[in-house]
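Pasting protein.txt here (compact mmCIF, C-alpha atoms):
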```txt
# COMPACT_ATOMS: atom_id res chain seq x y z
CA MET A 1 58.94 82.02 120.66
CA LEU A 2 58.14 82.11 116.94
CA ASN A 3 55.18 79.83 116.48
CA LEU A 4 51.64 79.64 115.15
CA LYS A 5 48.76 77.56 116.36
CA THR A 6 47.51 75.42 113.49
CA TYR A 7 43.86 75.81 114.44
CA GLN A 8 44.15 79.60 114.01
CA ILE A 9 45.27 79.29 110.39
CA PRO A 10 42.24 79.50 108.05
CA LEU A 11 41.67 77.02 105.19
CA SER A 12 42.70 79.54 102.54
CA LYS A 13 45.40 82.10 101.96
CA SER A 14 46.44 84.27 104.88
CA ASN A 15 49.27 86.58 105.89
CA TRP A 16 50.94 86.69 109.29
CA THR A 17 53.65 88.93 110.70
CA LEU A 18 55.68 87.95 113.74
CA THR A 19 58.27 90.06 115.55
CA ILE A 20 61.56 88.34 116.31
CA PRO A 21 62.68 89.02 119.91
CA GLN A 22 65.94 90.93 120.39
CA ASP A 23 67.52 88.14 122.46
CA PHE A 24 66.86 85.60 119.69
CA LEU A 25 70.53 85.24 118.65
CA GLU A 26 72.00 85.82 122.10
CA SER A 27 73.55 82.35 122.19
CA GLU A 28 75.47 83.21 118.99
CA LYS A 29 76.70 86.51 120.52
CA ILE A 30 74.96 88.54 117.81
CA VAL A 31 72.77 91.52 118.66
CA LEU A 32 69.47 91.58 116.79
CA LEU A 33 68.31 95.19 116.57
CA LYS A 34 65.13 94.55 114.61
CA GLY A 35 63.61 91.43 113.10
CA ILE A 36 60.33 90.71 111.34
CA LEU A 37 59.08 87.35 110.09
CA SER A 38 56.47 87.70 107.33
CA LEU A 39 54.49 84.57 106.48
CA ASP A 40 52.30 83.97 103.42
CA ILE A 41 50.32 80.83 104.25
CA ASN A 42 48.18 78.75 101.91
CA ARG A 43 46.39 76.01 103.83
CA SER A 44 44.43 73.10 102.41
CA ASP A 45 42.98 70.00 104.08
CA HIS A 46 46.20 67.97 104.15
CA MET A 47 48.93 70.52 103.52
CA ILE A 48 50.19 73.89 104.75
CA HIS A 49 52.36 75.83 102.28
CA ILE A 50 54.33 78.68 103.89
CA LYS A 51 56.44 81.30 102.13
CA SER A 52 58.46 83.10 104.77
CA MET A 53 60.60 86.21 104.59
CA VAL A 54 62.86 87.45 107.39
CA THR A 55 63.89 91.10 107.40
CA SER A 56 66.42 91.99 110.07
CA SER A 57 68.99 94.48 111.28
CA LEU A 58 71.94 92.91 113.06
CA GLU A 59 74.80 94.52 114.94
CA LEU A 60 78.04 92.80 113.96
CA GLN A 61 81.64 93.28 115.03
CA CYS A 62 84.24 93.92 112.35
CA ASP A 63 86.98 91.28 112.15
CA ARG A 64 89.53 93.89 111.06
CA SER A 65 88.93 96.85 113.39
CA LEU A 66 86.63 95.36 116.09
CA ASP A 67 84.19 98.25 115.49
CA THR A 68 80.49 97.44 115.45
CA TYR A 69 78.31 98.12 112.44
CA ILE A 70 74.73 97.45 111.37
CA TYR A 71 74.13 94.70 108.80
CA GLU A 72 70.77 94.59 107.01
CA SER A 73 69.56 91.15 105.96
CA GLN A 74 66.61 89.78 104.01
CA CYS A 75 66.08 86.03 103.58
CA ASN A 76 63.39 83.86 102.00
CA LEU A 77 62.41 80.28 102.77
CA GLU A 78 59.60 78.07 101.57
CA ILE A 79 58.24 75.45 103.99
CA ILE A 80 55.67 72.80 103.10
CA TYR A 81 53.98 70.75 105.82
CA LYS A 82 52.28 67.58 104.54
CA GLU A 83 50.25 64.94 106.32
CA GLY A 84 51.38 61.34 106.01
CA LEU A 85 54.88 62.23 104.86
CA LYS A 86 57.46 59.54 105.62
CA GLU A 87 60.68 61.39 104.88
CA GLU A 88 61.47 65.07 105.44
CA LYS A 89 63.57 67.05 102.95
CA ILE A 90 65.51 70.16 103.86
CA ASP A 91 67.12 72.36 101.21
CA LEU A 92 68.80 75.75 101.27
CA HIS A 93 65.69 77.59 100.04
CA SER A 94 62.88 75.17 100.88
CA SER A 95 61.95 72.31 103.15
CA ILE A 96 59.22 69.69 103.24
CA LYS A 97 58.21 68.61 106.73
CA LYS A 98 55.83 66.13 108.24
CA LEU A 99 52.54 67.44 109.61
CA GLU A 100 51.04 65.28 112.32
CA LYS A 101 47.28 64.88 112.20
CA HIS A 102 46.71 66.55 115.57
CA GLN A 103 49.68 68.91 115.58
CA GLN A 104 48.74 72.05 117.51
CA ILE A 105 51.76 74.32 117.00
CA ILE A 106 54.10 75.06 114.10
CA GLU A 107 57.43 76.43 115.31
CA PHE A 108 59.72 78.60 113.20
CA ASP A 109 62.60 79.13 115.65
CA GLN A 110 65.12 76.82 114.01
CA GLU A 111 64.31 77.90 110.45
CA VAL A 112 64.60 81.60 111.29
CA ARG A 113 67.84 81.06 113.22
CA ASP A 114 69.30 79.13 110.28
CA MET A 115 68.21 81.79 107.78
CA LEU A 116 69.76 84.59 109.82
CA LEU A 117 73.04 82.78 110.46
CA LEU A 118 73.40 81.70 106.83
CA SER A 119 72.82 85.26 105.64
CA LEU A 120 75.81 86.57 107.61
CA PRO A 121 78.97 87.30 105.64
CA ILE A 122 81.93 84.98 106.18
CA LYS A 123 84.29 87.92 106.64
CA ARG A 124 82.62 90.50 108.83
CA ILE A 125 84.25 93.65 107.52
CA HIS A 126 83.02 97.15 108.35
CA PRO A 127 81.57 98.91 105.27
CA ARG A 128 84.23 101.64 105.44
CA TYR A 129 86.83 98.99 104.51
CA LEU A 130 84.90 97.91 101.40
CA ASP A 131 85.12 99.42 97.93
CA ASP A 132 82.17 100.27 95.68
CA TYR A 133 81.82 96.63 94.59
CA GLY A 134 81.84 95.16 98.11
CA ASN A 135 85.41 93.89 97.94
CA PRO A 136 87.80 94.56 100.84
CA LYS A 137 90.22 97.47 100.34
CA GLU A 138 93.92 96.99 100.98
CA LEU A 139 94.65 98.16 104.48
CA LEU A 140 98.35 98.89 104.03
CA ASN A 141 100.32 99.06 100.81
CA VAL A 142 103.79 99.67 102.23
CA GLN A 143 107.08 98.11 101.14
CA PHE A 144 109.89 97.89 103.61
CA GLY A 145 113.59 98.11 102.70
CA THR A 146 115.23 99.57 99.63
CA ASN A 147 113.78 99.42 96.16
CA ASN A 148 116.70 98.00 94.18
CA THR A 149 115.41 97.02 90.80
CA GLU A 150 118.77 95.75 89.55
CA ASN A 151 119.92 92.30 90.52
CA SER A 152 122.46 93.29 93.14
CA ILE A 153 124.21 90.58 95.10
CA ASP A 154 124.44 90.82 98.83
CA PRO A 155 128.11 91.33 99.87
CA ARG A 156 127.74 88.66 102.54
CA TRP A 157 127.55 86.03 99.80
CA TYR A 158 131.11 86.87 98.74
CA ALA A 159 132.30 86.19 102.26
CA LEU A 160 130.53 82.82 102.26
CA LYS A 161 132.08 81.86 98.92
CA ASN A 162 135.55 82.67 100.23
CA ILE A 163 135.04 80.34 103.19
CA LYS A 164 134.39 77.46 100.80
CA ASN A 165 137.63 78.01 98.84
```

How does the structure come out when it is put into structure tokens?
Amino acid sequence: MLNLKTYQIPLSKSNWTLTIPQDFLESEKIVLLKGILSLDINRSDHMIHIKSMVTSSLELQCDRSLDTYIYESQCNLEIIYKEGLKEEKIDLHSSIKKLEKHQQIIEFDQEVRDMLLLSLPIKRIHPRYLDDYGNPKELLNVQFGTNNTENSIDPRWYALKNIKN
């Protein structure tokens, strides 16, 4: 789905823009309203250096009210493909991958999926339940029962003490 043919990438700097399909996160039960993958590629003889940026609009369901809302996300990832690499390294913001000598296609599906899923908030709370700083507001601030501030003793304790004696 999200891939580039290596023979189409010129031996210099180039920019590519790919559209992320709307059914991309269907297996995760997340609706992708709009998604764009922007690639800044610097290619040399034995290496391809890619700076990618994903800009997306996702429709999420609130954990508190079950209402849907739109969540805007922007993620960056740096990917380096090298020839003759023995061990691949994957980090939160960058990864170094092996480039086969006759590799025809570079796929971005897994990287984009990981970037989108890691950008989601842990608590999916509708923006109307958040304060100005992004912290959740208290839903209910109600106390039940009487507000006795003095240390009154429940009369049932007297009955229990009398049973003992």

Discussion item. Report as a ChimeraX atom specification all protein, DNA and RNA residues lying within 12 Å of Gln104 of chain A, evaluated on all atoms listed in the file, omitting residues in the same chain fewer than 2 positions from it.
Written reply: /A:3-9,99-102,106-107

Discussion item. Nearest residue to Thr17 of chain A out of A:Ile36, A:Ile125, A:Met47, A:Leu140, using only C-alpha atoms?
Written reply: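 Closest candidate: A:Ile36.
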
Return as a tab-separated table the residues of segment 95-121 of chain A lying at most 7 Å from segment 77-82 of chain A, together with the closest atom-to-atom pair for each and the distance in Å to one decimal, counting all atoms listed in the file, with rows in chain order and ascending residue number.
```
residue	atom	partner	partner_atom	distance
A:Ser95	CA	A:Ile79	CA	4.9
A:Ile96	CA	A:Ile80	CA	4.7
A:Lys97	CA	A:Tyr81	CA	4.8
A:Lys98	CA	A:Lys82	CA	5.3
A:Leu99	CA	A:Lys82	CA	5.1
```

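From atom CA of Gln61 of chain A back to atom CA of Leu120 of chain A, the distance works out to 11.6 Å.
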
Practice prompt. For segment 22-35 of chain A, work out the shell of residues within 8 Å, counting only C-alpha atoms and skipping chain neighbours fewer than 6 positions away, then give it as a VMD selection string.
Written response: chain A and resid 54 to 60 113

Worksheet item: Expressed in Å to a single decimal, how great is the separation between atom CA of Ser14 of chain A and atom CA of Phe108 of chain A?
Response: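 Atom CA of Phe108 of chain A lies 16.7 Å from atom CA of Ser14 of chain A.
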
Worksheet entry | Nearest residue to Leu2 of chain A from the set A:Lys89, A:Ile48, A:Met53, A:Leu18 (distances using all atoms listed in the file) |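 Under the stated criterion, the closest residue is A:Leu18.
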
Worksheet, complete the sentence: Students should find that atom CA of Lys86 of chain A and atom CA of Pro10 of chain A are spaced 25.2 Å

Discussion item. Given only C-alpha atoms as the basis, pick out the residue of A:Asn135, A:Thr68, A:Ser152, A:Ser94 nearest to Ile50 of chain A.
Written reply: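 When distances to Ile50 of chain A are compared using only C-alpha atoms, the smallest one comes from A:Ser94.
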
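If you measure from each of A:Pro121, A:Pro155, A:Gly134, A:Pro21 to Ser73 of chain A using all atoms listed in the file, the closest one turns out to be A:Pro121.
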